[in-house]
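Colleague: Provided herewith: data20.txt, compact mmCIF, C-alpha atoms and all ligand atoms.
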# COMPACT_ATOMS: atom_id res chain seq x y z
CA MET A 73 -5.76 25.78 2.78
CA MET A 74 -7.58 22.64 1.63
CA SER A 75 -5.85 20.51 4.26
CA ARG A 76 -6.68 23.03 6.99
CA ILE A 77 -10.35 22.88 6.00
CA TYR A 78 -10.17 19.09 6.08
CA ARG A 79 -8.47 18.93 9.47
CA SER A 80 -10.64 21.60 11.11
CA PHE A 81 -14.09 20.81 9.74
CA ILE A 82 -14.34 17.62 7.72
CA ARG A 83 -12.17 15.28 9.77
CA PRO A 84 -13.92 15.94 13.11
CA ALA A 85 -17.27 15.17 11.46
CA LEU A 86 -16.00 11.98 9.80
CA PHE A 87 -14.26 10.80 12.96
CA GLU A 88 -17.66 10.71 14.73
CA TYR A 89 -18.39 7.52 12.80
CA ASP A 90 -16.93 4.01 12.63
CA SER A 91 -13.61 4.00 10.83
CA GLU A 92 -14.39 1.26 8.29
CA GLU A 93 -17.85 2.72 7.60
CA ILE A 94 -16.27 6.07 6.64
CA HIS A 95 -13.60 4.31 4.60
CA ASP A 96 -16.21 2.36 2.63
CA ARG A 97 -18.37 5.42 2.05
CA THR A 98 -15.39 7.46 0.91
CA VAL A 99 -14.28 4.79 -1.54
CA ARG A 100 -17.88 4.54 -2.84
CA VAL A 101 -17.98 8.29 -3.48
CA LEU A 102 -14.56 8.18 -5.13
CA SER A 103 -15.71 5.24 -7.23
CA ARG A 104 -18.72 7.20 -8.46
CA ILE A 105 -16.55 10.23 -9.26
CA SER A 106 -14.08 7.94 -11.06
CA ARG A 107 -16.76 6.82 -13.45
CA SER A 108 -17.38 10.36 -14.65
CA PRO A 109 -14.42 11.67 -16.68
CA ALA A 110 -15.63 15.27 -16.19
CA LEU A 111 -15.80 14.97 -12.40
CA SER A 112 -12.46 13.15 -12.32
CA GLU A 113 -10.90 16.01 -14.25
CA LEU A 114 -12.31 18.46 -11.74
CA VAL A 115 -10.73 16.45 -8.91
CA GLY A 116 -7.47 16.52 -10.88
CA ALA A 117 -7.65 20.31 -11.17
CA MET A 118 -8.24 20.65 -7.43
CA PHE A 119 -5.88 18.01 -6.08
CA GLY A 120 -3.43 17.01 -8.83
CA ALA A 121 0.29 17.10 -8.03
CA PRO A 122 3.18 18.63 -9.99
CA LYS A 123 5.50 16.35 -11.95
CA LEU A 124 8.50 14.96 -10.11
CA PRO A 125 9.39 12.00 -12.32
CA VAL A 126 11.42 9.02 -11.16
CA GLN A 127 12.33 5.74 -12.83
CA VAL A 128 12.42 2.69 -10.57
CA PHE A 129 12.64 -1.01 -11.48
CA GLY A 130 12.18 -0.14 -15.12
CA LEU A 131 8.91 1.77 -14.63
CA ASN A 132 8.31 5.50 -15.04
CA PHE A 133 6.58 7.17 -12.10
CA PRO A 134 5.23 10.76 -12.53
CA ASN A 135 6.14 11.31 -8.87
CA PRO A 136 7.50 9.08 -6.10
CA LEU A 137 4.41 9.11 -3.83
CA GLY A 138 2.03 6.17 -4.06
CA LEU A 139 -1.16 4.94 -2.46
CA ALA A 140 -0.37 2.06 -0.09
CA ALA A 141 -2.12 -1.31 -0.18
CA GLY A 142 -5.41 -1.73 1.64
CA MET A 143 -7.03 1.58 0.69
CA ASP A 144 -8.48 0.45 -2.65
CA LYS A 145 -8.69 -3.29 -2.13
CA PHE A 146 -10.93 -3.89 -5.13
CA ALA A 147 -9.80 -1.21 -7.61
CA ALA A 148 -13.16 0.46 -6.99
CA ALA A 149 -11.75 3.93 -7.68
CA LEU A 150 -8.70 3.14 -9.81
CA PRO A 151 -8.66 6.31 -11.97
CA ILE A 152 -9.05 8.70 -9.04
CA TRP A 153 -5.67 8.15 -7.36
CA GLU A 154 -3.84 9.82 -10.23
CA GLN A 155 -6.29 12.74 -10.03
CA LEU A 156 -5.58 12.99 -6.30
CA GLY A 157 -1.91 13.47 -7.14
CA PHE A 158 -0.49 10.00 -6.57
CA GLY A 159 2.41 8.81 -8.74
CA PHE A 160 1.30 5.16 -8.46
CA CYS A 161 -1.12 2.96 -6.57
CA GLU A 162 -0.92 -0.47 -5.01
CA LEU A 163 -4.31 -2.19 -5.17
CA GLY A 164 -5.49 -5.07 -2.98
CA GLY A 165 -4.51 -7.14 -0.96
CA VAL A 166 -6.04 -9.75 -3.11
CA THR A 167 -6.22 -13.47 -2.35
CA TRP A 168 -6.99 -16.42 -4.58
CA HIS A 169 -10.25 -17.27 -2.78
CA PRO A 170 -12.82 -14.52 -2.21
CA GLN A 171 -13.16 -13.89 1.53
CA ASP A 172 -15.06 -11.69 3.98
CA GLY A 173 -12.21 -10.96 6.37
CA ASN A 174 -12.56 -10.78 10.15
CA PRO A 175 -15.75 -9.85 12.02
CA LYS A 176 -16.45 -6.12 12.39
CA PRO A 177 -15.45 -3.82 14.00
CA ARG A 178 -11.93 -4.38 12.72
CA MET A 179 -10.52 -0.90 12.09
CA PHE A 180 -9.88 1.59 14.89
CA ARG A 181 -8.47 5.10 15.19
CA VAL A 182 -6.09 6.29 17.85
CA ALA A 183 -6.78 9.87 16.88
CA PRO A 184 -4.55 11.73 19.38
CA ASP A 185 -1.57 9.78 18.04
CA GLY A 186 -2.38 9.89 14.30
CA ALA A 187 -2.66 6.10 14.23
CA LEU A 188 -4.91 3.29 13.05
CA ILE A 189 -5.20 -0.30 14.21
CA ASN A 190 -6.73 -2.77 11.78
CA ARG A 191 -7.43 -6.48 11.70
CA MET A 192 -9.29 -6.56 8.38
CA GLY A 193 -7.95 -9.98 7.39
CA PHE A 194 -7.87 -9.52 3.60
CA ASN A 195 -11.55 -8.91 2.91
CA ASN A 196 -11.59 -9.08 -0.89
CA PRO A 197 -13.54 -10.56 -3.80
CA GLY A 198 -10.69 -12.81 -4.98
CA ALA A 199 -8.16 -12.62 -7.79
CA VAL A 200 -10.54 -13.58 -10.61
CA ALA A 201 -13.04 -10.84 -9.76
CA MET A 202 -10.17 -8.36 -9.41
CA ALA A 203 -8.85 -9.28 -12.86
CA GLU A 204 -12.32 -8.68 -14.33
CA ARG A 205 -12.60 -5.32 -12.59
CA LEU A 206 -9.23 -4.22 -13.94
CA ALA A 207 -10.09 -5.39 -17.45
CA ASP A 208 -13.26 -3.32 -17.18
CA TRP A 209 -11.37 -0.13 -16.29
CA ARG A 210 -9.10 -0.70 -19.28
CA ALA A 211 -12.06 -1.34 -21.58
CA ARG A 212 -13.63 1.92 -20.44
CA GLY A 213 -10.47 3.75 -21.50
CA GLN A 214 -9.93 4.91 -17.93
CA TRP A 215 -6.61 3.24 -17.18
CA PRO A 216 -4.39 5.70 -15.27
CA ASN A 217 -1.15 7.10 -16.67
CA HIS A 218 0.86 5.88 -13.74
CA PRO A 219 2.15 2.44 -12.69
CA VAL A 220 -0.42 0.19 -11.01
CA GLY A 221 0.66 -2.50 -8.58
CA ILE A 222 -1.25 -5.34 -6.97
CA ASN A 223 -0.71 -6.56 -3.43
CA LEU A 224 -1.02 -10.35 -3.20
CA GLY A 225 -2.00 -12.07 0.05
CA LYS A 226 -2.70 -15.68 1.03
CA SER A 227 -6.28 -16.96 1.36
CA LYS A 228 -7.17 -17.79 4.95
CA ILE A 229 -8.43 -21.29 4.08
CA THR A 230 -5.23 -22.23 2.26
CA PRO A 231 -2.86 -24.02 4.63
CA LEU A 232 0.61 -22.57 5.00
CA GLU A 233 2.22 -25.50 3.14
CA LYS A 234 0.10 -24.62 0.09
CA ALA A 235 0.80 -20.89 0.27
CA ALA A 236 3.07 -20.89 -2.79
CA ASP A 237 0.24 -22.21 -5.00
CA ASP A 238 -2.20 -19.66 -3.61
CA TYR A 239 0.07 -16.72 -4.50
CA ALA A 240 0.97 -18.25 -7.87
CA MET A 241 -2.67 -18.77 -8.89
CA SER A 242 -3.51 -15.16 -8.04
CA LEU A 243 -0.49 -13.92 -9.95
CA ARG A 244 -1.35 -16.01 -13.00
CA VAL A 245 -4.77 -14.41 -13.46
CA LEU A 246 -3.66 -10.92 -12.47
CA TYR A 247 -0.37 -10.80 -14.36
CA PRO A 248 -1.70 -9.14 -17.53
CA HIS A 249 -3.60 -6.54 -15.51
CA ALA A 250 -0.95 -4.58 -13.60
CA ASP A 251 2.57 -3.20 -13.90
CA PHE A 252 4.12 -4.68 -10.75
CA PHE A 253 3.21 -7.07 -7.95
CA VAL A 254 3.89 -7.18 -4.24
CA VAL A 255 4.11 -10.51 -2.42
CA ASN A 256 2.68 -9.65 0.97
CA VAL A 257 3.98 -12.01 3.63
CA SER A 258 3.76 -9.44 6.40
CA SER A 259 0.11 -8.81 7.24
CA PRO A 260 -0.48 -9.60 10.92
CA ASN A 261 -4.16 -10.41 10.33
CA THR A 262 -4.02 -13.79 8.57
CA PRO A 263 -3.00 -16.48 11.05
CA ASN A 264 0.66 -17.49 10.62
CA LEU A 265 1.09 -15.50 7.39
CA ARG A 266 4.19 -13.81 8.70
CA GLN A 267 5.89 -17.20 9.07
CA LEU A 268 6.24 -17.00 5.29
CA GLN A 269 8.95 -14.42 5.90
CA ASP A 270 11.19 -17.29 7.06
CA LYS A 271 13.83 -17.94 4.46
CA ALA A 272 12.85 -21.46 3.34
CA ALA A 273 9.11 -20.71 3.23
CA LEU A 274 9.61 -17.43 1.37
CA ASP A 275 11.96 -19.08 -1.08
CA GLU A 276 9.22 -21.56 -1.97
CA VAL A 277 6.67 -18.78 -2.51
CA LEU A 278 9.10 -16.74 -4.60
CA ALA A 279 10.06 -19.77 -6.69
CA ALA A 280 6.40 -20.39 -7.56
CA VAL A 281 5.84 -16.72 -8.34
CA GLN A 282 8.95 -16.57 -10.55
CA GLN A 283 7.71 -19.56 -12.50
CA ILE A 284 4.58 -17.60 -13.49
CA ARG A 285 6.68 -14.55 -14.35
CA ARG A 286 8.98 -16.57 -16.60
CA ASP A 287 5.99 -17.86 -18.56
CA HIS A 288 5.38 -14.33 -19.84
CA PRO A 289 7.30 -12.45 -22.50
CA ILE A 290 7.18 -9.27 -20.40
CA ARG A 291 9.03 -9.68 -17.10
CA LYS A 292 7.16 -7.48 -14.64
CA PRO A 293 8.72 -6.43 -11.33
CA ILE A 294 7.85 -8.54 -8.28
CA LEU A 295 8.46 -7.03 -4.83
CA VAL A 296 8.23 -8.43 -1.30
CA LYS A 297 6.53 -6.54 1.53
CA VAL A 298 8.06 -6.97 4.97
CA ALA A 299 6.94 -6.41 8.56
CA PRO A 300 8.55 -3.77 10.76
CA ASP A 301 8.82 -6.35 13.54
CA LEU A 302 11.58 -8.38 11.86
CA SER A 303 15.15 -8.30 13.15
CA PHE A 304 17.91 -7.03 10.85
CA GLU A 305 19.16 -10.64 10.63
CA ALA A 306 15.77 -11.83 9.38
CA LEU A 307 15.68 -8.95 6.89
CA ASP A 308 19.15 -9.90 5.65
CA GLU A 309 17.91 -13.43 4.97
CA ILE A 310 15.13 -12.03 2.84
CA VAL A 311 17.61 -9.82 0.97
CA GLU A 312 19.71 -12.93 0.24
CA LEU A 313 16.77 -14.42 -1.68
CA THR A 314 16.20 -11.38 -3.85
CA GLY A 315 19.10 -12.09 -6.23
CA PRO A 316 18.38 -15.75 -7.00
CA ARG A 317 14.61 -15.15 -7.12
CA GLU A 318 14.83 -11.95 -9.18
CA VAL A 319 12.96 -9.80 -6.68
CA ALA A 320 12.88 -6.21 -7.97
CA GLY A 321 12.57 -4.46 -4.62
CA ILE A 322 11.18 -4.44 -1.09
CA VAL A 323 8.17 -2.61 0.32
CA ALA A 324 9.01 -1.58 3.86
CA THR A 325 6.96 -1.72 5.93
CA ASN A 326 3.61 -3.26 6.75
CA THR A 327 1.84 -2.50 10.06
CA THR A 328 3.37 -3.44 13.43
CA ILE A 329 2.00 -5.71 16.14
CA THR A 330 3.99 -3.77 18.75
CA ARG A 331 2.40 -0.91 20.69
CA PRO A 332 3.83 2.36 21.95
CA ASN A 333 4.15 2.97 25.65
CA SER A 334 0.77 4.61 26.13
CA GLU A 335 -2.21 4.65 28.48
CA ASN A 336 -4.63 4.91 25.56
CA ALA A 337 -7.06 1.96 25.80
CA ALA A 338 -7.44 1.87 22.00
CA TYR A 339 -4.01 0.24 21.80
CA SER A 340 -5.44 -2.91 23.40
CA GLU A 341 -7.24 -3.76 20.11
CA THR A 342 -5.67 -6.68 18.26
CA GLY A 343 -4.27 -5.95 14.81
CA GLY A 344 -1.65 -4.04 12.90
CA LEU A 345 -0.76 -0.52 13.98
CA SER A 346 -0.06 2.11 11.30
CA GLY A 347 0.53 5.85 11.19
CA ARG A 348 2.75 8.14 13.25
CA PRO A 349 3.85 5.59 15.88
CA LEU A 350 5.26 3.43 13.04
CA ARG A 351 7.28 6.16 11.33
CA ALA A 352 10.66 5.85 13.02
CA ARG A 353 10.81 2.04 13.00
CA SER A 354 9.85 1.87 9.34
CA THR A 355 12.57 4.40 8.45
CA GLU A 356 15.11 2.38 10.43
CA ILE A 357 14.20 -0.75 8.44
CA ILE A 358 14.46 1.18 5.15
CA ARG A 359 17.91 2.48 6.12
CA HIS A 360 19.06 -1.07 6.81
CA LEU A 361 17.54 -2.58 3.66
CA ALA A 362 18.83 0.20 1.41
CA LYS A 363 22.39 -0.92 2.10
CA SER A 364 21.64 -3.89 -0.16
CA GLY A 365 21.25 -1.54 -3.13
CA LEU A 366 17.75 -2.89 -3.84
CA PRO A 367 15.03 -0.37 -4.68
CA ILE A 368 12.93 0.21 -1.55
CA VAL A 369 9.34 1.46 -1.38
CA GLY A 370 9.16 3.25 1.97
CA VAL A 371 5.88 3.25 3.86
CA GLY A 372 4.88 3.85 7.46
CA GLY A 373 3.76 7.03 9.19
CA ILE A 374 4.25 9.49 6.34
CA PHE A 375 2.05 12.54 6.93
CA ASN A 376 3.98 15.34 5.21
CA ALA A 377 6.89 16.15 2.91
CA ALA A 378 9.43 16.05 5.74
CA ASP A 379 8.34 12.49 6.64
CA ALA A 380 8.58 11.41 3.00
CA HIS A 381 11.95 13.13 2.63
CA GLU A 382 13.21 11.26 5.70
CA LYS A 383 12.37 7.94 4.02
CA LEU A 384 13.94 8.96 0.70
CA GLN A 385 17.06 10.12 2.53
CA ALA A 386 17.16 6.75 4.30
CA GLY A 387 17.38 5.15 0.86
CA ALA A 388 13.82 4.63 -0.37
CA SER A 389 13.24 5.22 -4.09
CA LEU A 390 9.48 5.54 -3.73
CA VAL A 391 7.14 6.18 -0.79
CA GLN A 392 3.52 5.38 0.02
CA VAL A 393 0.80 6.56 2.39
CA TYR A 394 -2.33 5.10 3.89
CA THR A 395 -2.93 6.46 7.39
CA GLY A 396 -1.67 9.92 6.40
CA LEU A 397 -4.46 10.16 3.84
CA VAL A 398 -7.05 9.44 6.55
CA TYR A 399 -5.65 12.12 8.86
CA GLU A 400 -4.52 14.79 6.38
CA GLY A 401 -7.23 14.43 3.75
CA PRO A 402 -7.34 14.42 -0.04
CA SER A 403 -4.76 17.15 -0.60
CA ILE A 404 -1.98 15.13 1.05
CA ALA A 405 -0.39 13.98 -2.22
CA ARG A 406 -0.38 17.45 -3.78
CA GLN A 407 1.12 19.00 -0.65
CA LEU A 408 3.64 16.27 -0.20
CA VAL A 409 4.86 16.24 -3.80
CA ARG A 410 5.07 20.04 -3.83
CA GLY A 411 7.11 19.88 -0.64
CA LEU A 412 9.42 17.20 -2.04
CA LYS A 413 9.90 19.20 -5.21
CA ARG A 414 10.91 22.22 -3.15
CA LEU A 415 13.29 20.11 -1.07
CA SER A 416 14.88 18.54 -4.16
CA ILE A 417 15.38 21.97 -5.76
CA GLU A 418 16.97 23.25 -2.53
CA ALA A 419 19.23 20.19 -2.42
CA LYS A 420 20.39 20.88 -5.99
CA LEU A 421 21.05 24.55 -5.19
CA ASP A 422 23.10 23.67 -2.09
C1 LIG B 501 -7.09 -0.60 7.05
C2 LIG B 501 -5.77 -1.02 6.47
C3 LIG B 501 -5.72 -2.08 5.56
C4 LIG B 501 -4.50 -2.49 5.03
N1 LIG B 501 -4.47 -3.53 4.13
C5 LIG B 501 -3.28 -3.93 3.63
C6 LIG B 501 -3.22 -4.99 2.69
O1 LIG B 501 -4.24 -5.54 2.27
N2 LIG B 501 -1.99 -5.40 2.24
C7 LIG B 501 -0.83 -4.80 2.68
O2 LIG B 501 0.26 -5.18 2.28
N3 LIG B 501 -0.87 -3.76 3.54
C8 LIG B 501 -2.06 -3.33 4.02
N4 LIG B 501 -2.08 -2.28 4.91
C9 LIG B 501 -0.79 -1.67 5.34
C10 LIG B 501 -0.47 -0.39 4.56
O3 LIG B 501 -0.34 -0.66 3.18
C11 LIG B 501 0.85 0.23 5.08
O4 LIG B 501 1.91 -0.68 4.87
C12 LIG B 501 0.79 0.55 6.58
O5 LIG B 501 -0.49 1.02 6.94
C13 LIG B 501 1.83 1.60 6.99
O6 LIG B 501 1.64 2.81 6.29
P1 LIG B 501 0.85 4.09 6.90
O7 LIG B 501 1.47 4.36 8.23
O8 LIG B 501 1.03 5.17 5.89
O9 LIG B 501 -0.57 3.66 7.03
C14 LIG B 501 -3.30 -1.84 5.44
C15 LIG B 501 -3.36 -0.77 6.33
C16 LIG B 501 -4.56 -0.36 6.86
C17 LIG B 501 -4.59 0.79 7.84
Mind turning this structure into structure tokens?

Modeller:
Amino acid sequence: MMSRIYRSFIRPALFEYDSEEIHDRTVRVLSRISRSPALSELVGAMFGAPKLPVQVFGLNFPNPLGLAAGMDKFAAALPIWEQLGFGFCELGGVTWHPQDGNPKPRMFRVAPDGALINRMGFNNPGAVAMAERLADWRARGQWPNHPVGINLGKSKITPLEKAADDYAMSLRVLYPHADFFVVNVSSPNTPNLRQLQDKAALDEVLAAVQQIRRDHPIRKPILVKVAPDLSFEALDEIVELTGPREVAGIVATNTTITRPNSENAAYSETGGLSGRPLRARSTEIIRHLAKSGLPIVGVGGIFNAADAHEKLQAGASLVQVYTGLVYEGPSIARQLVRGLKRLSIEAKLD
């Protein structure tokens, strides 16, 4: 019902405006609601999801559906994601240096295909400001009851050879403030970032990150987020590092720089493509990675319970959405978790 209202009336109105403008306004509204416990509770009553608990890399998730990185880059609306039915959220990407990102416009819809193209370029206030924001949510007593992750990127001004330090400095200040961390070496929008997926370069980044982790009495899970454009051989090389570098899991996948065979002029925009056209490739990568036995967070083109189920069947332990939330609206998590619950009950009855 709620999703039909969104798709029929709200979405067409929102889609009249620039994509990033609507995103920013939506997050601002959610941020304001977040600050009022009474309003947040109302959102929870309208959109909250049933329990479907899972335990992955030592953390307890109320349900396996999370908010993907990039939606709440600055933890502006941290408490609301739980109220909207999500079982976890991944905040950021955050870089060590504050940065504005690429010139606007930098986020585009391909509405007929349920897709987005973005070249944001890690616009964010930097790791120190993020740590302060997170400390503030905790001080207000509004920390959510689900795991919170932080997506770590590399600052644009930091040369590739210094990437390991950049990630490590961010992790050092953010470590006390979240439950798990994702080393993002797969965004297509920071020049050469994806070269850090090469085995030697990634090993250096992971070594630096592990050093920070070992300095703390609580060993929090560190994951790596990969691009859907890697070959299986390149993915296998990354998997080989996970043992020695104590990587807890892999987030698969980020956006793709490939484009579908389509006449739609929107596809000529530079940037990472997300949403429906990414679904099959991302599932294929998950299926391959899952053979390693590592926990996989599956993301890419999930719009409904069947899409999420496909990723879980392929071997993901958790799933995330970004573009699906834009196209399906705020009841996506509730609908999806309800659907998954039904599917898991049916599977048990079979
Ligand atoms: C506007 C936008 C910004 C994003 N920012 C980030 C980011 O900062 N870090 C990251 O790892 N992924 C980022 N992503 C990728 C998503 O987290 C996700 O991996 C990708 O969009 C595929 O999922 P989807 O098809 O559900 O959108 C971004 C995606 C979009 C559309």

Colleague: For Thr328 in chain A, work out the shell of residues within 10 Å, counting all atoms listed in the file and skipping chain neighbours fewer than 5 positions away, then give it as a PDB file with C-alpha atoms, keeping the file's coordinate frame.

Modeller:
ATOM      1  CA  ILE A 189      -5.200  -0.300  14.210  1.00  0.00           C
ATOM      2  CA  SER A 258       3.760  -9.440   6.400  1.00  0.00           C
ATOM      3  CA  SER A 259       0.110  -8.810   7.240  1.00  0.00           C
ATOM      4  CA  PRO A 260      -0.480  -9.600  10.920  1.00  0.00           C
ATOM      5  CA  ALA A 299       6.940  -6.410   8.560  1.00  0.00           C
ATOM      6  CA  PRO A 300       8.550  -3.770  10.760  1.00  0.00           C
ATOM      7  CA  ASP A 301       8.820  -6.350  13.540  1.00  0.00           C
ATOM      8  CA  LEU A 302      11.580  -8.380  11.860  1.00  0.00           C
ATOM      9  CA  GLY A 343      -4.270  -5.950  14.810  1.00  0.00           C
ATOM     10  CA  GLY A 344      -1.650  -4.040  12.900  1.00  0.00           C
ATOM     11  CA  LEU A 345      -0.760  -0.520  13.980  1.00  0.00           C
ATOM     12  CA  SER A 346      -0.060   2.110  11.300  1.00  0.00           C
ATOM     13  CA  GLY A 347       0.530   5.850  11.190  1.00  0.00           C
ATOM     14  CA  PRO A 349       3.850   5.590  15.880  1.00  0.00           C
ATOM     15  CA  LEU A 350       5.260   3.430  13.040  1.00  0.00           C
ATOM     16  CA  ARG A 353      10.810   2.040  13.000  1.00  0.00           C
ATOM     17  CA  SER A 354       9.850   1.870   9.340  1.00  0.00           C
ATOM     18  CA  GLY A 372       4.880   3.850   7.460  1.00  0.00           C
TER      19      GLY A 372
END

Colleague: Within 8 Å of Val166 in chain A, counting all atoms listed in the file, which residues show up once you throw out same-chain ones fewer than 5 positions away? Write them as a ChimeraX atom specification, please.

Modeller: /A:145-146,194,196-199,202,222-226,242

Colleague: Between A:Trp209, A:Phe129, A:Tyr239, A:Trp168, which is the closest to Leu366 in chain A once you count all atoms listed in the file?

Modeller: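 Going through A:Trp209, A:Phe129, A:Tyr239, A:Trp168 one by one, the smallest distance to Leu366 in chain A is for A:Phe129.
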
Colleague: Tell me, as JSON, numbers by chain, which residues lie within 12 Å of Pro293 in chain A, counting all atoms listed in the file; anything in the same chain fewer than 3 positions away does not count.

Modeller: {"A": [128, 129, 130, 131, 219, 220, 221, 222, 243, 247, 250, 251, 252, 253, 254, 255, 281, 282, 285, 286, 290, 296, 314, 317, 318, 319, 320, 321, 322, 367]}

Colleague: Would you mind listing the residues within 6 Å of ligand LIG 501 (chain B), counting only C-alpha atoms and all ligand atoms, as a list in words?

Modeller: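 Residues lying within 6 Å of ligand LIG 501 (chain B): Ala140, Ala141, Gly142, Gly164, Gly165, Leu188, Asn190, Phe194, Asn223, Asn256, Thr325, Asn326, Thr327, Ser346, Gly347, Val371, Gly372, Gly373, Ile374, Val393, Tyr394, Thr395 and Gly396 of chain A.
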
Colleague: Generate a file of the selected residues that holds C-alpha atoms, formatted as a short mmCIF file (atom, residue, chain, number, x, y, z; two decimals), in the frame of the given file.

Modeller:
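Dumped to result.cif:
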data_model
loop_
_atom_site.label_atom_id
_atom_site.label_comp_id
_atom_site.auth_asym_id
_atom_site.auth_seq_id
_atom_site.Cartn_x
_atom_site.Cartn_y
_atom_site.Cartn_z
CA ALA A 140 -0.37 2.06 -0.09
CA ALA A 141 -2.12 -1.31 -0.18
CA GLY A 142 -5.41 -1.73 1.64
CA GLY A 164 -5.49 -5.07 -2.98
CA GLY A 165 -4.51 -7.14 -0.96
CA LEU A 188 -4.91 3.29 13.05
CA ASN A 190 -6.73 -2.77 11.78
CA PHE A 194 -7.87 -9.52 3.60
CA ASN A 223 -0.71 -6.56 -3.43
CA ASN A 256 2.68 -9.65 0.97
CA THR A 325 6.96 -1.72 5.93
CA ASN A 326 3.61 -3.26 6.75
CA THR A 327 1.84 -2.50 10.06
CA SER A 346 -0.06 2.11 11.30
CA GLY A 347 0.53 5.85 11.19
CA VAL A 371 5.88 3.25 3.86
CA GLY A 372 4.88 3.85 7.46
CA GLY A 373 3.76 7.03 9.19
CA ILE A 374 4.25 9.49 6.34
CA VAL A 393 0.80 6.56 2.39
CA TYR A 394 -2.33 5.10 3.89
CA THR A 395 -2.93 6.46 7.39
CA GLY A 396 -1.67 9.92 6.40
#

Colleague: Rank nothing, just name the residue among A:Lys292, A:Lys383, A:Lys234, A:Arg205 nearest to Ala362 in chain A, using all atoms listed in the file.

Modeller: A:Lys383

Colleague: If you count only C-alpha atoms, which residues fall within 9 Å of Ala280 in chain A, apart from same-chain ones fewer than 2 positions away, as a ChimeraX atom specification?

Modeller: /A:236-237,239-240,275-278,282-285

Colleague: To one decimal in Å, tell me the separation between CA of Ser403 in chain A and CA of Tyr78 in chain A.

Modeller: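 Distance reported for this atom pair: 8.8 Å.
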
Colleague: Considering only C-alpha atoms, state which residue in the set A:Ala148, A:Leu232, A:Leu408, A:Ala183 is at the smallest distance from Glu204 in chain A.

Modeller: A:Ala148

Colleague: For Thr98 in chain A, work out the shell of residues within 12 Å, counting only C-alpha atoms and skipping chain neighbours fewer than 5 positions away, then give it as a PyMOL selection string.

Modeller: chain A and resi 86+91-93+103-105+143-144+148-149+152+397-398+401-402

Colleague: Between A:Asn174, A:Leu246, A:Leu313, A:Thr167, which is the closest to Thr230 in chain A once you count all atoms listed in the file?

Modeller: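 Using all atoms listed in the file, the shortest distance to Thr230 in chain A belongs to A:Thr167.
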
Colleague: By how many Å are CA of Arg359 in chain A and CA of Ala388 in chain A apart?

Modeller: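 Separation of CA of Arg359 in chain A and CA of Ala388 in chain A: 8.0 Å.
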
Colleague: Reconstruct range 330-339 of chain A at the level of N, CA, C and O atoms, and format the result as an mmCIF file, keeping the file's coordinate frame.

Modeller:
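Result file is out_22.cif:
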data_model
loop_
_atom_site.group_PDB
_atom_site.id
_atom_site.type_symbol
_atom_site.label_atom_id
_atom_site.label_comp_id
_atom_site.auth_asym_id
_atom_site.auth_seq_id
_atom_site.Cartn_x
_atom_site.Cartn_y
_atom_site.Cartn_z
ATOM 1 N N THR A 330 3.550 -4.383 17.497
ATOM 2 C CA THR A 330 3.990 -3.770 18.750
ATOM 3 C C THR A 330 3.108 -2.557 19.055
ATOM 4 O O THR A 330 2.385 -2.066 18.182
ATOM 5 N N ARG A 331 3.172 -2.071 20.283
ATOM 6 C CA ARG A 331 2.400 -0.910 20.690
ATOM 7 C C ARG A 331 3.302 0.085 21.403
ATOM 8 O O ARG A 331 4.218 -0.327 22.128
ATOM 9 N N PRO A 332 3.020 1.381 21.217
ATOM 10 C CA PRO A 332 3.830 2.360 21.950
ATOM 11 C C PRO A 332 3.491 2.319 23.444
ATOM 12 O O PRO A 332 2.438 1.802 23.828
ATOM 13 N N ASN A 333 4.388 2.867 24.220
ATOM 14 C CA ASN A 333 4.150 2.970 25.650
ATOM 15 C C ASN A 333 3.086 4.021 25.872
ATOM 16 O O ASN A 333 3.373 5.206 25.812
ATOM 17 N N SER A 334 1.835 3.618 26.064
ATOM 18 C CA SER A 334 0.770 4.610 26.130
ATOM 19 C C SER A 334 -0.368 4.082 26.984
ATOM 20 O O SER A 334 -0.623 2.878 27.043
ATOM 21 N N GLU A 335 -1.064 5.005 27.630
ATOM 22 C CA GLU A 335 -2.210 4.650 28.480
ATOM 23 C C GLU A 335 -3.466 4.460 27.643
ATOM 24 O O GLU A 335 -4.465 3.943 28.135
ATOM 25 N N ASN A 336 -3.424 4.901 26.381
ATOM 26 C CA ASN A 336 -4.630 4.910 25.560
ATOM 27 C C ASN A 336 -5.190 3.497 25.366
ATOM 28 O O ASN A 336 -4.519 2.611 24.829
ATOM 29 N N ALA A 337 -6.438 3.303 25.813
ATOM 30 C CA ALA A 337 -7.060 1.960 25.800
ATOM 31 C C ALA A 337 -7.204 1.424 24.376
ATOM 32 O O ALA A 337 -7.264 0.204 24.181
ATOM 33 N N ALA A 338 -7.263 2.322 23.389
ATOM 34 C CA ALA A 338 -7.440 1.870 22.000
ATOM 35 C C ALA A 338 -6.311 0.926 21.573
ATOM 36 O O ALA A 338 -6.508 0.062 20.722
ATOM 37 N N TYR A 339 -5.148 1.081 22.196
ATOM 38 C CA TYR A 339 -4.010 0.240 21.800
ATOM 39 C C TYR A 339 -4.188 -1.227 22.196
ATOM 40 O O TYR A 339 -3.394 -2.075 21.811
#
